[in-house]
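**Student:** TSV, C-alpha atoms, file my_file30.tsv:
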```
chain	number	residue	atom	x	y	z
A	165	MET	CA	-22.15	38.67	3.07
A	166	ALA	CA	-18.67	39.42	1.70
A	167	THR	CA	-18.26	41.78	-1.23
A	168	LEU	CA	-15.36	41.96	-3.67
A	169	GLU	CA	-14.75	44.89	-5.95
A	170	GLY	CA	-12.15	45.86	-8.50
A	171	TYR	CA	-11.52	45.86	-12.23
A	172	VAL	CA	-12.25	43.11	-14.71
A	173	ALA	CA	-10.17	44.95	-17.31
A	174	ARG	CA	-8.30	48.24	-17.38
A	175	PHE	CA	-8.32	50.53	-20.38
A	176	ASP	CA	-5.17	51.19	-22.41
A	177	SER	CA	-3.18	48.47	-20.60
A	178	VAL	CA	-1.61	45.49	-22.31
A	179	SER	CA	-2.84	42.19	-20.87
A	180	VAL	CA	-0.69	39.32	-19.72
A	181	PRO	CA	0.05	36.83	-22.52
A	182	ILE	CA	-3.03	34.75	-23.40
A	183	PRO	CA	-2.55	31.26	-24.90
A	184	SER	CA	-3.94	30.72	-28.38
A	185	GLY	CA	-4.81	27.64	-30.42
A	186	ASP	CA	-1.68	27.91	-32.55
A	187	GLY	CA	0.66	27.97	-29.53
A	188	ARG	CA	1.60	31.63	-29.94
A	189	PRO	CA	0.31	33.78	-27.08
A	190	TYR	CA	-1.38	37.09	-27.81
A	191	ARG	CA	-2.16	40.19	-25.76
A	192	GLU	CA	-5.27	42.35	-25.52
A	193	VAL	CA	-5.75	46.10	-25.09
A	194	PHE	CA	-9.21	47.47	-24.28
A	195	ARG	CA	-10.19	51.05	-25.05
A	196	TYR	CA	-12.68	53.27	-23.24
A	197	GLY	CA	-16.21	52.29	-24.30
A	198	ALA	CA	-15.27	48.72	-25.24
A	199	PHE	CA	-17.95	47.26	-22.95
A	200	ALA	CA	-20.67	49.92	-23.31
A	201	LYS	CA	-22.78	48.09	-25.90
A	202	VAL	CA	-22.98	44.78	-24.02
A	203	LEU	CA	-23.62	46.52	-20.68
A	204	ALA	CA	-26.47	48.52	-22.24
A	205	SER	CA	-27.99	45.38	-23.82
A	206	GLY	CA	-29.39	44.14	-20.51
A	207	ILE	CA	-28.20	40.56	-20.99
A	208	ASP	CA	-27.35	38.49	-17.95
A	209	ILE	CA	-23.61	38.25	-17.34
A	210	PRO	CA	-22.21	35.78	-14.81
A	211	MET	CA	-18.92	36.31	-12.98
A	212	THR	CA	-17.18	32.97	-12.76
A	213	VAL	CA	-13.90	31.54	-11.51
A	214	ASP	CA	-11.62	30.65	-14.44
A	215	HIS	CA	-14.58	30.84	-16.88
A	216	ASP	CA	-16.08	27.72	-15.26
A	217	PRO	CA	-19.91	27.85	-15.61
A	218	TYR	CA	-20.25	25.77	-12.42
A	219	LEU	CA	-18.24	28.25	-10.32
A	220	VAL	CA	-20.51	31.32	-10.43
A	221	LEU	CA	-19.65	34.09	-7.99
A	222	GLY	CA	-22.51	36.39	-8.98
A	223	ARG	CA	-24.64	37.53	-11.91
A	224	LEU	CA	-26.27	40.67	-13.18
A	225	ALA	CA	-29.74	39.09	-13.41
A	226	ASP	CA	-30.07	38.47	-9.69
A	227	GLY	CA	-28.30	41.64	-8.56
A	228	THR	CA	-25.33	39.87	-6.97
A	229	LEU	CA	-23.01	41.40	-9.59
A	230	LEU	CA	-22.69	45.01	-10.68
A	231	LEU	CA	-20.63	45.99	-13.74
A	232	TRP	CA	-19.94	49.48	-15.07
A	233	GLU	CA	-17.33	51.37	-17.04
A	234	ASP	CA	-15.43	54.24	-15.51
A	235	TYR	CA	-12.44	56.09	-16.94
A	236	HIS	CA	-10.05	53.37	-15.74
A	237	GLY	CA	-11.82	50.27	-17.05
A	238	LEU	CA	-14.62	47.77	-16.48
A	239	ARG	CA	-15.35	47.84	-12.77
A	240	PHE	CA	-17.18	45.19	-10.76
A	241	GLU	CA	-18.75	44.64	-7.38
A	242	VAL	CA	-19.85	41.12	-6.50
A	243	ASN	CA	-21.60	39.79	-3.40
A	244	LEU	CA	-19.96	36.43	-2.86
A	245	PRO	CA	-22.07	33.33	-2.24
A	246	ARG	CA	-22.52	32.53	1.46
A	247	ARG	CA	-21.65	28.90	0.81
A	248	GLU	CA	-18.22	27.37	1.42
A	249	PHE	CA	-17.29	28.18	-2.17
A	250	GLY	CA	-17.70	31.92	-1.52
A	251	ARG	CA	-15.60	31.72	1.64
A	252	ASP	CA	-12.89	29.84	-0.26
A	253	VAL	CA	-12.76	32.52	-2.96
A	254	LEU	CA	-12.56	35.27	-0.35
A	255	GLY	CA	-9.72	33.44	1.39
A	256	ASP	CA	-7.86	33.06	-1.91
A	257	VAL	CA	-8.22	36.77	-2.66
A	258	ARG	CA	-7.01	37.75	0.81
A	259	SER	CA	-4.02	35.43	0.35
A	260	GLY	CA	-3.17	37.00	-2.99
A	261	LEU	CA	-3.90	33.87	-5.03
```
Can you give me the file's structure in the form of structure tokens?
**Tutor:**
Amino acid sequence: MATLEGYVARFDSVSVPIPSGDGRPYREVFRYGAFAKVLASGIDIPMTVDHDPYLVLGRLADGTLLLWEDYHGLRFEVNLPRREFGRDVLGDVRSGL
């Protein structure tokens, strides 16, 4: 089983421009503790590709996804699916896509 790890978001860093409904992009900045309340709530959180609910890489509820805050940001560790989809994602990451 392949595992990916890294940061979902880094604290005190300005995001890349994000498109908005009015055509003007905006940027986000997350501060330390921004995710603490939702992480403590115990809700299931899926990790998806491009926010697509059909492309789930892992989820908190089944233990295939771990999420936690450290001093740098929201960190993740996900055990990729063993199916072709998981292998494709791993290949994309290794290629830098």
**Student:** Record the distance separating atom CA of A:Ser177 and atom CA of A:Val193, expressed in Å with one decimal.
**Tutor:**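 For atom CA of A:Ser177 relative to atom CA of A:Val193, the distance reads 5.7 Å.
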**Student:** Measure the distance from atom CA of A:Gly255 to atom CA of A:Leu219 in Å and round it to one decimal.
**Tutor:**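 Computed distance, atom CA of A:Gly255 to atom CA of A:Leu219, equals 15.4 Å.
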**Student:** What does the structure give for the distance between atom CA of A:Leu231 and atom CA of A:Glu248, in Å to one decimal?
**Tutor:** 24.1 Å
**Student:** Counting only C-alpha atoms, figure out which residue out of A:Asp216, A:Asp256, A:Met211, A:Pro181 gets nearest to A:Thr228.
**Tutor:**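 Result for the nearest residue to A:Thr228: A:Met211.
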**Student:** Which residue, A:Ser205, A:Ser184, A:Thr167, A:Ser179, has the smallest gap to A:Phe240 when you use only C-alpha atoms?
**Tutor:** A:Thr167
**Student:** Between A:Glu192, A:Glu169, A:Asp176, A:Asp186, single out the one closest to A:Leu230, counting all atoms listed in the file.
**Tutor:**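 Of A:Glu192, A:Glu169, A:Asp176, A:Asp186, the one nearest A:Leu230, counting all atoms listed in the file, is A:Glu169.
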**Student:** Using all atoms listed in the file, can you tell me which of A:Arg174, A:Ile182, A:Ala225, A:Arg247 comes closest to A:Phe199?
**Tutor:**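 Residue with the minimum atom-to-atom distance to A:Phe199: A:Arg174.
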**Student:** List every protein, DNA or RNA residue that has at least one atom no more than 12 Å from (-14.6, 31.4, -2.0) in the file's coordinates, counting only C-alpha atoms, and write the result as a ChimeraX atom specification.
**Tutor:** /A:165-168,212-213,219-222,242-259,261
**Student:** Have a look at A:Val172, A:Leu224, A:Leu238, A:Val178 and name the one nearest to A:Pro210; count only C-alpha atoms.
**Tutor:**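 Closest to A:Pro210, using only C-alpha atoms: A:Leu224.
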**Student:** Between A:Trp232, A:Phe175, A:Tyr190, A:Tyr218, which one has atoms that come closest to A:Ala204, using only C-alpha atoms?
**Tutor:**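 The answer is A:Trp232, which sits nearest to A:Ala204.
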**Student:** Could you please give me, as an mmCIF file with C-alpha atoms, in the frame of the given file, the residues of protein, DNA or RNA lying at most 12 Å from (-18.0, 53.6, -23.3) in the coordinate frame of the file, considering only C-alpha atoms?
**Tutor:**
```cif
data_model
loop_
_atom_site.group_PDB
_atom_site.id
_atom_site.type_symbol
_atom_site.label_atom_id
_atom_site.label_comp_id
_atom_site.auth_asym_id
_atom_site.auth_seq_id
_atom_site.Cartn_x
_atom_site.Cartn_y
_atom_site.Cartn_z
ATOM 1 C CA PHE A 175 -8.320 50.530 -20.380
ATOM 2 C CA PHE A 194 -9.210 47.470 -24.280
ATOM 3 C CA ARG A 195 -10.190 51.050 -25.050
ATOM 4 C CA TYR A 196 -12.680 53.270 -23.240
ATOM 5 C CA GLY A 197 -16.210 52.290 -24.300
ATOM 6 C CA ALA A 198 -15.270 48.720 -25.240
ATOM 7 C CA PHE A 199 -17.950 47.260 -22.950
ATOM 8 C CA ALA A 200 -20.670 49.920 -23.310
ATOM 9 C CA LYS A 201 -22.780 48.090 -25.900
ATOM 10 C CA VAL A 202 -22.980 44.780 -24.020
ATOM 11 C CA LEU A 203 -23.620 46.520 -20.680
ATOM 12 C CA ALA A 204 -26.470 48.520 -22.240
ATOM 13 C CA TRP A 232 -19.940 49.480 -15.070
ATOM 14 C CA GLU A 233 -17.330 51.370 -17.040
ATOM 15 C CA ASP A 234 -15.430 54.240 -15.510
ATOM 16 C CA TYR A 235 -12.440 56.090 -16.940
ATOM 17 C CA HIS A 236 -10.050 53.370 -15.740
ATOM 18 C CA GLY A 237 -11.820 50.270 -17.050
ATOM 19 C CA LEU A 238 -14.620 47.770 -16.480
#
```
**Student:** For stretch 244-259 of chain A, I'd like the enclosing box, axis-aligned and padded by 5 Å on every side, reported as AutoDock Vina command-line options with centre and edge lengths in Å to one decimal.
**Tutor:**
```
--center_x -13.3 --center_y 32.6 --center_z -0.7 --size_x 28.5 --size_y 20.4 --size_z 14.6
```
